[in-house]
Structure formats: C-alpha cells, structure tokens
file query00.cif (mmCIF, C-alpha atoms)
data_query
loop_
_atom_site.group_PDB
_atom_site.id
_atom_site.type_symbol
_atom_site.label_atom_id
_atom_site.label_comp_id
_atom_site.auth_asym_id
_atom_site.auth_seq_id
_atom_site.Cartn_x
_atom_site.Cartn_y
_atom_site.Cartn_z
ATOM 1 C CA MET G 273 92.291 78.574 130.857
ATOM 2 C CA LYS G 274 95.380 76.598 130.043
ATOM 3 C CA THR G 275 98.879 77.418 131.285
ATOM 4 C CA TYR G 276 101.858 77.124 128.915
ATOM 5 C CA SER G 277 105.622 77.310 129.339
ATOM 6 C CA VAL G 278 107.366 79.801 127.077
ATOM 7 C CA GLN G 279 110.945 81.002 126.682
ATOM 8 C CA LEU G 280 112.122 84.609 126.486
ATOM 9 C CA GLN G 281 113.772 85.133 123.098
ATOM 10 C CA ALA G 282 114.505 88.860 123.077
ATOM 11 C CA GLN G 283 113.829 92.207 124.697
ATOM 12 C CA GLU G 284 113.744 95.450 122.665
ATOM 13 C CA GLN G 285 113.111 99.113 123.376
ATOM 14 C CA LEU G 286 110.158 100.476 121.385
ATOM 15 C CA ALA G 287 110.077 104.045 122.691
ATOM 16 C CA GLU G 288 111.314 105.964 125.706
ATOM 17 C CA GLY G 289 110.259 103.942 128.727
ATOM 18 C CA THR G 290 108.517 101.255 126.651
ATOM 19 C CA SER G 291 109.870 97.794 125.851
ATOM 20 C CA ALA G 292 108.706 94.688 124.009
ATOM 21 C CA PHE G 293 109.367 91.116 125.114
ATOM 22 C CA HIS G 294 109.429 88.261 122.620
ATOM 23 C CA PHE G 295 108.572 84.729 123.753
ATOM 24 C CA THR G 296 108.311 81.401 122.005
ATOM 25 C CA LYS G 297 104.803 80.457 120.918
ATOM 26 C CA PRO G 298 103.834 77.097 122.417
ATOM 27 C CA ALA G 299 102.066 74.434 120.415
ATOM 28 C CA GLY G 300 98.305 74.713 120.727
ATOM 29 C CA PHE G 301 98.256 78.381 121.762
ATOM 30 C CA GLU G 302 95.676 79.866 119.405
ATOM 31 C CA PHE G 303 94.194 83.318 119.852
ATOM 32 C CA ILE G 304 92.164 86.008 118.117
ATOM 33 C CA ALA G 305 93.809 89.336 117.309
ATOM 34 C CA GLY G 306 93.131 91.707 120.198
ATOM 35 C CA GLN G 307 93.129 89.079 122.940
ATOM 36 C CA ALA G 308 95.382 89.007 126.005
ATOM 37 C CA LEU G 309 97.332 86.655 128.244
ATOM 38 C CA ASP G 310 98.628 86.535 131.800
ATOM 39 C CA LEU G 311 102.407 86.425 132.165
ATOM 40 C CA ILE G 312 103.509 84.585 135.310
ATOM 41 C CA LEU G 313 106.975 85.140 136.789
ATOM 42 C CA GLY G 314 107.277 82.774 139.740
ATOM 43 C CA GLU G 315 104.876 81.498 142.363
ATOM 44 C CA GLN G 316 102.451 83.447 144.552
ATOM 45 C CA GLY G 317 104.489 82.465 147.615
ATOM 46 C CA ASP G 318 107.511 84.272 146.161
ATOM 47 C CA ALA G 319 105.915 87.710 146.489
ATOM 48 C CA ASP G 320 103.827 89.935 148.716
ATOM 49 C CA SER G 321 100.919 90.063 146.262
ATOM 50 C CA GLU G 322 99.717 88.440 143.068
ATOM 51 C CA TRP G 323 100.617 91.643 141.170
ATOM 52 C CA ASP G 324 104.310 90.913 141.874
ATOM 53 C CA VAL G 325 104.275 87.620 139.935
ATOM 54 C CA ARG G 326 101.349 87.857 137.485
ATOM 55 C CA HIS G 327 100.266 90.552 135.066
ATOM 56 C CA THR G 328 97.854 90.789 132.124
ATOM 57 C CA PHE G 329 99.124 91.948 128.730
ATOM 58 C CA SER G 330 97.521 92.291 125.321
ATOM 59 C CA ILE G 331 99.270 90.198 122.700
ATOM 60 C CA VAL G 332 101.099 92.420 120.221
ATOM 61 C CA ALA G 333 101.876 89.645 117.756
ATOM 62 C CA ALA G 334 99.275 88.650 115.173
ATOM 63 C CA PRO G 335 97.836 85.109 115.240
ATOM 64 C CA HIS G 336 99.814 84.056 112.152
ATOM 65 C CA GLU G 337 103.180 84.987 113.680
ATOM 66 C CA ASN G 338 105.369 82.295 115.230
ATOM 67 C CA GLU G 339 106.064 84.105 118.508
ATOM 68 C CA LEU G 340 104.196 85.738 121.376
ATOM 69 C CA VAL G 341 105.048 89.392 121.968
ATOM 70 C CA ILE G 342 103.962 91.766 124.719
ATOM 71 C CA ALA G 343 104.852 95.425 125.217
ATOM 72 C CA THR G 344 104.724 97.545 128.347
ATOM 73 C CA ARG G 345 105.729 100.769 130.018
ATOM 74 C CA MET G 346 108.749 99.960 132.184
ATOM 75 C CA ARG G 347 107.689 101.298 135.563
ATOM 76 C CA ASP G 348 109.259 100.624 138.964
ATOM 77 C CA SER G 349 106.882 97.904 140.116
ATOM 78 C CA ARG G 350 108.375 94.649 141.396
ATOM 79 C CA PHE G 351 106.848 92.759 138.478
ATOM 80 C CA LYS G 352 108.286 95.116 135.853
ATOM 81 C CA GLN G 353 111.716 94.919 137.494
ATOM 82 C CA ARG G 354 111.556 91.109 137.429
ATOM 83 C CA LEU G 355 110.541 91.218 133.789
ATOM 84 C CA LYS G 356 113.303 93.659 132.832
ATOM 85 C CA GLU G 357 115.961 91.508 134.497
ATOM 86 C CA LEU G 358 114.933 88.204 132.884
ATOM 87 C CA PRO G 359 117.873 86.689 130.981
ATOM 88 C CA VAL G 360 117.219 85.584 127.414
ATOM 89 C CA GLY G 361 116.400 81.893 127.460
ATOM 90 C CA THR G 362 114.469 82.014 130.744
ATOM 91 C CA GLN G 363 111.400 79.780 130.937
ATOM 92 C CA VAL G 364 108.246 81.462 132.285
ATOM 93 C CA GLN G 365 104.532 80.701 132.108
ATOM 94 C CA VAL G 366 101.632 82.280 130.286
ATOM 95 C CA GLU G 367 97.926 81.669 130.823
ATOM 96 C CA GLY G 368 95.275 82.364 128.235
ATOM 97 C CA PRO G 369 94.245 83.581 125.796
ATOM 98 C CA PHE G 370 91.218 85.619 126.858
ATOM 99 C CA GLY G 371 89.435 88.894 126.124
ATOM 100 C CA GLU G 372 86.578 90.254 124.034
ATOM 101 C CA LEU G 373 88.315 93.249 122.422
ATOM 102 C CA THR G 374 88.247 91.687 118.960
ATOM 103 C CA LEU G 375 87.081 92.792 115.548
ATOM 104 C CA ASP G 376 83.439 92.367 114.577
ATOM 105 C CA LYS G 377 82.717 89.811 111.860
ATOM 106 C CA ASP G 378 80.621 92.329 109.890
ATOM 107 C CA LEU G 379 83.142 93.762 107.418
ATOM 108 C CA THR G 380 80.685 96.441 106.267
ATOM 109 C CA ARG G 381 81.065 98.191 109.631
ATOM 110 C CA ALA G 382 84.174 100.320 110.037
ATOM 111 C CA ALA G 383 86.438 99.839 113.052
ATOM 112 C CA VAL G 384 87.705 102.934 114.866
ATOM 113 C CA PHE G 385 90.582 102.299 117.270
ATOM 114 C CA ILE G 386 91.295 104.929 119.920
ATOM 115 C CA ALA G 387 94.591 104.374 121.742
ATOM 116 C CA GLY G 388 96.611 106.339 124.229
ATOM 117 C CA GLY G 389 100.236 105.369 124.789
ATOM 118 C CA ILE G 390 100.724 101.683 125.547
ATOM 119 C CA GLY G 391 97.037 101.099 124.778
ATOM 120 C CA ILE G 392 98.185 100.584 121.194
ATOM 121 C CA THR G 393 99.131 96.954 121.896
ATOM 122 C CA PRO G 394 95.875 95.095 121.074
ATOM 123 C CA PHE G 395 95.430 97.199 117.951
ATOM 124 C CA MET G 396 98.877 96.238 116.659
ATOM 125 C CA SER G 397 97.757 92.615 116.636
ATOM 126 C CA MET G 398 94.501 93.532 114.884
ATOM 127 C CA LEU G 399 96.186 95.704 112.255
ATOM 128 C CA ARG G 400 98.921 93.183 111.507
ATOM 129 C CA ASP G 401 96.298 90.466 111.192
ATOM 130 C CA ALA G 402 94.122 92.647 108.933
ATOM 131 C CA ALA G 403 97.123 93.316 106.670
ATOM 132 C CA GLN G 404 98.058 89.637 106.477
ATOM 133 C CA GLN G 405 94.453 88.583 105.799
ATOM 134 C CA GLN G 406 93.899 91.494 103.364
ATOM 135 C CA ARG G 407 90.786 92.216 105.386
ATOM 136 C CA GLN G 408 88.237 94.216 103.379
ATOM 137 C CA GLN G 409 87.134 96.542 106.156
ATOM 138 C CA ASP G 410 87.679 100.236 106.786
ATOM 139 C CA LEU G 411 90.011 100.739 109.761
ATOM 140 C CA LEU G 412 90.849 104.036 111.460
ATOM 141 C CA LEU G 413 93.341 104.478 114.303
ATOM 142 C CA LEU G 414 93.310 107.602 116.469
ATOM 143 C CA TYR G 415 96.622 107.366 118.347
ATOM 144 C CA SER G 416 97.514 109.922 121.021
ATOM 145 C CA ASN G 417 100.950 110.315 122.616
ATOM 146 C CA ARG G 418 102.831 113.072 124.381
ATOM 147 C CA ARG G 419 105.785 113.097 121.952
ATOM 148 C CA PRO G 420 107.149 111.065 119.027
ATOM 149 C CA GLU G 421 109.754 109.701 121.452
ATOM 150 C CA ASP G 422 106.943 108.102 123.462
ATOM 151 C CA SER G 423 105.077 106.624 120.487
ATOM 152 C CA ALA G 424 105.555 102.867 120.331
ATOM 153 C CA PHE G 425 105.222 101.254 116.889
ATOM 154 C CA LEU G 426 104.717 104.639 115.183
ATOM 155 C CA SER G 427 106.933 103.902 112.178
ATOM 156 C CA GLU G 428 105.338 100.480 111.671
ATOM 157 C CA LEU G 429 101.872 102.024 111.847
ATOM 158 C CA GLN G 430 102.850 104.629 109.269
ATOM 159 C CA GLN G 431 104.075 101.838 106.990
ATOM 160 C CA LEU G 432 100.905 99.809 107.504
ATOM 161 C CA SER G 433 98.797 102.820 106.543
ATOM 162 C CA GLN G 434 100.812 103.271 103.358
ATOM 163 C CA ASN G 435 100.454 99.610 102.399
ATOM 164 C CA ASN G 436 96.780 99.135 103.299
ATOM 165 C CA PRO G 437 94.332 101.468 101.516
ATOM 166 C CA ARG G 438 91.587 100.441 103.968
ATOM 167 C CA PHE G 439 93.583 101.637 106.995
ATOM 168 C CA LYS G 440 94.015 105.285 107.993
ATOM 169 C CA LEU G 441 96.289 106.473 110.799
ATOM 170 C CA ILE G 442 95.702 109.740 112.641
ATOM 171 C CA ALA G 443 98.455 110.284 115.211
ATOM 172 C CA THR G 444 98.460 113.300 117.487
ATOM 173 C CA MET G 445 101.072 114.612 119.942
ATOM 174 C CA THR G 446 99.991 116.477 123.072
ATOM 175 C CA LYS G 447 103.314 117.643 124.619
ATOM 176 C CA MET G 448 105.543 118.625 121.718
ATOM 177 C CA GLU G 449 107.181 121.388 123.765
ATOM 178 C CA GLY G 450 109.097 118.622 125.536
ATOM 179 C CA SER G 451 110.212 116.854 122.349
ATOM 180 C CA THR G 452 113.601 116.874 120.646
ATOM 181 C CA GLN G 453 112.164 115.344 117.461
ATOM 182 C CA GLU G 454 110.391 117.101 114.614
ATOM 183 C CA TRP G 455 106.694 116.416 114.093
ATOM 184 C CA SER G 456 104.700 117.774 111.162
ATOM 185 C CA GLY G 457 101.500 115.944 112.043
ATOM 186 C CA ILE G 458 98.512 116.744 114.245
ATOM 187 C CA THR G 459 98.989 118.092 117.751
ATOM 188 C CA GLY G 460 96.650 118.529 120.704
ATOM 189 C CA TYR G 461 94.147 116.352 122.485
ATOM 190 C CA LEU G 462 91.325 114.421 120.879
ATOM 191 C CA ASN G 463 87.908 115.986 121.414
ATOM 192 C CA ALA G 464 84.350 115.234 120.353
ATOM 193 C CA GLN G 465 84.513 117.583 117.369
ATOM 194 C CA ARG G 466 87.683 115.960 116.049
ATOM 195 C CA ILE G 467 86.256 112.474 116.463
ATOM 196 C CA GLN G 468 83.099 113.459 114.579
ATOM 197 C CA GLU G 469 85.204 114.965 111.799
ATOM 198 C CA TYR G 470 87.493 111.942 111.430
ATOM 199 C CA CYS G 471 84.648 109.423 111.481
ATOM 200 C CA GLN G 472 81.907 111.218 109.544
ATOM 201 C CA GLU G 473 82.386 109.242 106.316
ATOM 202 C CA LEU G 474 82.714 105.815 107.912
ATOM 203 C CA SER G 475 79.960 103.218 107.664
ATOM 204 C CA ARG G 476 78.301 102.379 111.008
ATOM 205 C CA PRO G 477 81.594 102.366 112.932
ATOM 206 C CA ILE G 478 82.346 100.314 116.009
ATOM 207 C CA TYR G 479 84.682 102.106 118.425
ATOM 208 C CA TYR G 480 87.453 100.332 120.333
ATOM 209 C CA ILE G 481 89.231 102.119 123.208
ATOM 210 C CA SER G 482 92.418 100.936 124.887
ATOM 211 C CA GLY G 483 94.800 102.570 127.319
ATOM 212 C CA PRO G 484 95.160 103.695 130.924
ATOM 213 C CA PRO G 485 91.815 103.635 132.786
ATOM 214 C CA MET G 486 91.580 107.432 133.007
ATOM 215 C CA LEU G 487 92.013 107.743 129.244
ATOM 216 C CA VAL G 488 89.423 105.038 128.604
ATOM 217 C CA GLU G 489 86.923 106.844 130.810
ATOM 218 C CA ALA G 490 87.658 110.186 129.133
ATOM 219 C CA MET G 491 87.226 108.672 125.652
ATOM 220 C CA HIS G 492 83.895 107.134 126.650
ATOM 221 C CA ASP G 493 82.762 110.624 127.675
ATOM 222 C CA LEU G 494 83.986 112.145 124.394
ATOM 223 C CA LEU G 495 82.242 109.495 122.321
ATOM 224 C CA ASP G 496 79.037 110.119 124.253
ATOM 225 C CA GLU G 497 79.454 113.845 123.564
ATOM 226 C CA ALA G 498 80.018 113.037 119.898
ATOM 227 C CA GLY G 499 76.690 111.194 119.789
ATOM 228 C CA VAL G 500 78.062 107.644 119.634
ATOM 229 C CA ASP G 501 75.729 104.935 120.951
ATOM 230 C CA ALA G 502 77.262 103.159 123.955
ATOM 231 C CA ASP G 503 76.373 99.818 122.348
ATOM 232 C CA ASP G 504 78.879 100.623 119.588
ATOM 233 C CA VAL G 505 81.812 101.044 121.989
ATOM 234 C CA LEU G 506 84.167 98.349 123.311
ATOM 235 C CA SER G 507 86.970 99.187 125.726
ATOM 236 C CA GLU G 508 89.853 97.807 127.706
ATOM 237 C CA GLY G 509 91.554 99.661 130.546
ATOM 238 C CA PHE G 510 95.148 98.791 131.433
ATOM 239 C CA LEU G 511 95.115 98.514 135.219
ATOM 240 C CA GLY G 512 98.614 98.879 136.609
ATOM 241 C CA TYR G 513 100.014 99.463 133.156
#
call {"tool": "encode", "arguments": {"input": "query00.cif", "output": "structure tokens"}}
result
Amino acid sequence: MKTYSVQLQAQEQLAEGTSAFHFTKPAGFEFIAGQALDLILGEQGDADSEWDVRHTFSIVAAPHENELVIATRMRDSRFKQRLKELPVGTQVQVEGPFGELTLDKDLTRAAVFIAGGIGITPFMSMLRDAAQQQRQQDLLLLYSNRRPEDSAFLSELQQLSQNNPRFKLIATMTKMEGSTQEWSGITGYLNAQRIQEYCQELSRPIYYISGPPMLVEAMHDLLDEAGVDADDVLSEGFLGY
C-alpha cells in the first residue's frame, strides 16, 4: 500500500465524545466507499507501541468528495490524545486504502447496514456515495445508540432518508433514561425478531455489520438466530475504537 502526506484542515464534534477530522485528499488517492486507511502520527520509535502512532479508520467521506474524513470516539489512549491535540495545518501520513466492506455490484440485492455507535463510519461513505450516484438499490440502515446525544451523523442520515426513496433509516436508542433530548423514535435493543420484521420485504439482502467487536459478534449471533445465511454477512470490528 502507498503512503501519502495529508494536512489536517479541521476538527469538529459530531456527538458527545465523538469527533471528525478533515484532511486534504492527496492526488492519486482513490478508494471505494466503505474502505479504510491507516492514520500515522509520528514514527514507531516515538512511542511504546505501534498503537500509539498508527490507527485504522474507515473513511467517512465519499469517493467523489475532495477531502478525507475520519471519525472516532475520543478516548484516553495516547494516539487519540495526539490526534486531538493536532493543530490545524499539521502534516501527517495516511496509508491505504484497503478493506472489503464494500457494496455488492448486484443492485437487485438489498443492502442492510447494522451499526452500533462509531460503527456508522463506513456506512456514511456508502450512503453518501449511493446518493451522489443515484444508486438504484434498496438500502436499509439499522443504527443503534444509547442516546440521541451519542448518535453521530443522525441528522444527516435522517435527511438522506428523506431525499433517497431507496434508503430507509431505522434508528433505535437503548439508554433514553440518561438522555436530556426528546426522542419519538424506536427504543430498545435490536433482536432477531426485529431484524426479521425490518428485512422481510427486501430482496435477497446482504448484511453489513460494523462497530465494536462485541457488538459485531452479538449481531452475527442475532442474524444466525434470524435465519440469515453466514455467506450473506460481511463485518468489520473496530479494535481499539
């Protein structure tokens, strides 16, 4: 894989504890919606472990956009602290793109995205790309968060669902007792019965799962319980997210 130099253009808060980082898009960096990159902040010799200077992120931006964007939960790791403290204009390196969590070429098969928290990032790229391309494919996003305050990109997703008749958003909140915002939508955890209900009218769906490893494992179990063939499931777990 090739390594590129990029410049930090902006940092923005997306939700409580979640931020996006906008970088310049270098010439020749071409990717497919859903793919990822490694962000490199310094040299291996500058840190105790590779995790302190290098981390993998899904690309939030769509391929047609003129910037590279990542989003992450801002935890207390050394890498996240380095990232948070980067001044605008700083030059860093990215390596990539890579990853197989991309949309199938068969438009007659529906795509079902299942995301928990920051696992939404690869699906943002896919959904933005589908909107720009006017992709004629049924798309369903099952998006689980604790509270609206924790739900990155929620308003954009709601707008995308209004503008794209082939895309349906089902967002659910699991910890509304801790929220200060109103929510009139679905609450509670996803289960096999709900997944069957939401997907029953879709044509031969392919399921895409993204999020913390424990969520990915739990969703695999639910899909198995719902009778989904394992060959129709693609997943990506966010180690150290």
call {"tool": "residues_near_point", "arguments": {"input": "query00.cif", "point": "(91.7, 110.2, 129.6)", "cutoff": "12 Å", "atoms": "all atoms listed in the file", "output": "list of chain:residue names"}}
result
G:Ile386, G:Ala387, G:Gly388, G:Gly389, G:Gly391, G:Ser416, G:Asn417, G:Tyr461, G:Leu462, G:Asn463, G:Ile481, G:Ser482, G:Gly483, G:Pro484, G:Pro485, G:Met486, G:Leu487, G:Val488, G:Glu489, G:Ala490, G:Met491, G:His492, G:Asp493, G:Leu494, G:Leu495, G:Gly509
call {"tool": "axis_aligned_box", "arguments": {"input": "query00.cif", "around": "region 474-477 of chain G", "padding_each_side": "3 Å", "output": "JSON"}}
result
{"center_x": 80.5, "center_y": 104.1, "center_z": 110.3, "size_x": 10.4, "size_y": 9.4, "size_z": 11.3}
call {"tool": "residues_around", "arguments": {"input": "query00.cif", "residues": "region 401-403 of chain G", "least_positions_apart": "6", "cutoff": "8 Å", "atoms": "all atoms listed in the file", "output": "list of chain:residue names"}}
result
G:Ala305, G:Ala334, G:Pro335, G:His336, G:Leu432, G:Asn436
call {"tool": "closest_residue", "arguments": {"input": "query00.cif", "among": "G:Leu311, G:Leu412, G:Leu399, G:Ile458", "to": "Val332 (chain G)", "atoms": "only C-alpha atoms"}}
result
G:Leu399
call {"tool": "atom_distance", "arguments": {"input": "query00.cif", "atom1": "CA of Leu358 (chain G)", "atom2": "CA of Glu302 (chain G)"}}
result
24.9 Å
call {"tool": "resolve_selection", "arguments": {"input": "query00.cif", "expression": "the PyMOL selection byres ((chain G and resi 377-383) around 12)", "output": "compact mmCIF listing (two decimals) with C-alpha atoms, in the coordinates of the input"}}
result
# COMPACT_ATOMS: atom_id res chain seq x y z
CA ILE G 304 92.16 86.01 118.12
CA LEU G 373 88.32 93.25 122.42
CA THR G 374 88.25 91.69 118.96
CA LEU G 375 87.08 92.79 115.55
CA ASP G 376 83.44 92.37 114.58
CA VAL G 384 87.70 102.93 114.87
CA PHE G 385 90.58 102.30 117.27
CA ILE G 386 91.30 104.93 119.92
CA PHE G 395 95.43 97.20 117.95
CA MET G 398 94.50 93.53 114.88
CA LEU G 399 96.19 95.70 112.26
CA ALA G 402 94.12 92.65 108.93
CA GLN G 406 93.90 91.49 103.36
CA ARG G 407 90.79 92.22 105.39
CA GLN G 408 88.24 94.22 103.38
CA GLN G 409 87.13 96.54 106.16
CA ASP G 410 87.68 100.24 106.79
CA LEU G 411 90.01 100.74 109.76
CA LEU G 412 90.85 104.04 111.46
CA LEU G 413 93.34 104.48 114.30
CA LEU G 414 93.31 107.60 116.47
CA ARG G 438 91.59 100.44 103.97
CA PHE G 439 93.58 101.64 107.00
CA LYS G 440 94.02 105.28 107.99
CA CYS G 471 84.65 109.42 111.48
CA GLN G 472 81.91 111.22 109.54
CA GLU G 473 82.39 109.24 106.32
CA LEU G 474 82.71 105.82 107.91
CA SER G 475 79.96 103.22 107.66
CA ARG G 476 78.30 102.38 111.01
CA PRO G 477 81.59 102.37 112.93
CA ILE G 478 82.35 100.31 116.01
CA TYR G 479 84.68 102.11 118.42
CA TYR G 480 87.45 100.33 120.33
CA ILE G 481 89.23 102.12 123.21
CA ASP G 504 78.88 100.62 119.59
CA VAL G 505 81.81 101.04 121.99
CA LEU G 506 84.17 98.35 123.31
call {"tool": "atom_distance", "arguments": {"input": "query00.cif", "atom1": "CA of Arg419 (chain G)", "atom2": "CA of Ala333 (chain G)"}}
result
24.1 Å
call {"tool": "atom_distance", "arguments": {"input": "query00.cif", "atom1": "CA of Arg326 (chain G)", "atom2": "CA of Tyr415 (chain G)"}}
result
27.7 Å
call {"tool": "closest_residue", "arguments": {"input": "query00.cif", "among": "G:Gly450, G:Asp324, G:Leu340, G:Ser456", "to": "Pro369 (chain G)", "atoms": "all atoms listed in the file"}}
result
G:Leu340
call {"tool": "residues_near_point", "arguments": {"input": "query00.cif", "point": "(107.9, 107.0, 126.1)", "cutoff": "9 Å", "atoms": "all atoms listed in the file", "output": "count of residues only"}}
result
16
call {"tool": "resolve_selection", "arguments": {"input": "query00.cif", "expression": "the PyMOL selection byres ((chain G and resi 349) around 12)", "output": "PyMOL selection string"}}
result
chain G and resi 321+323-327+344-348+350-356+512-513
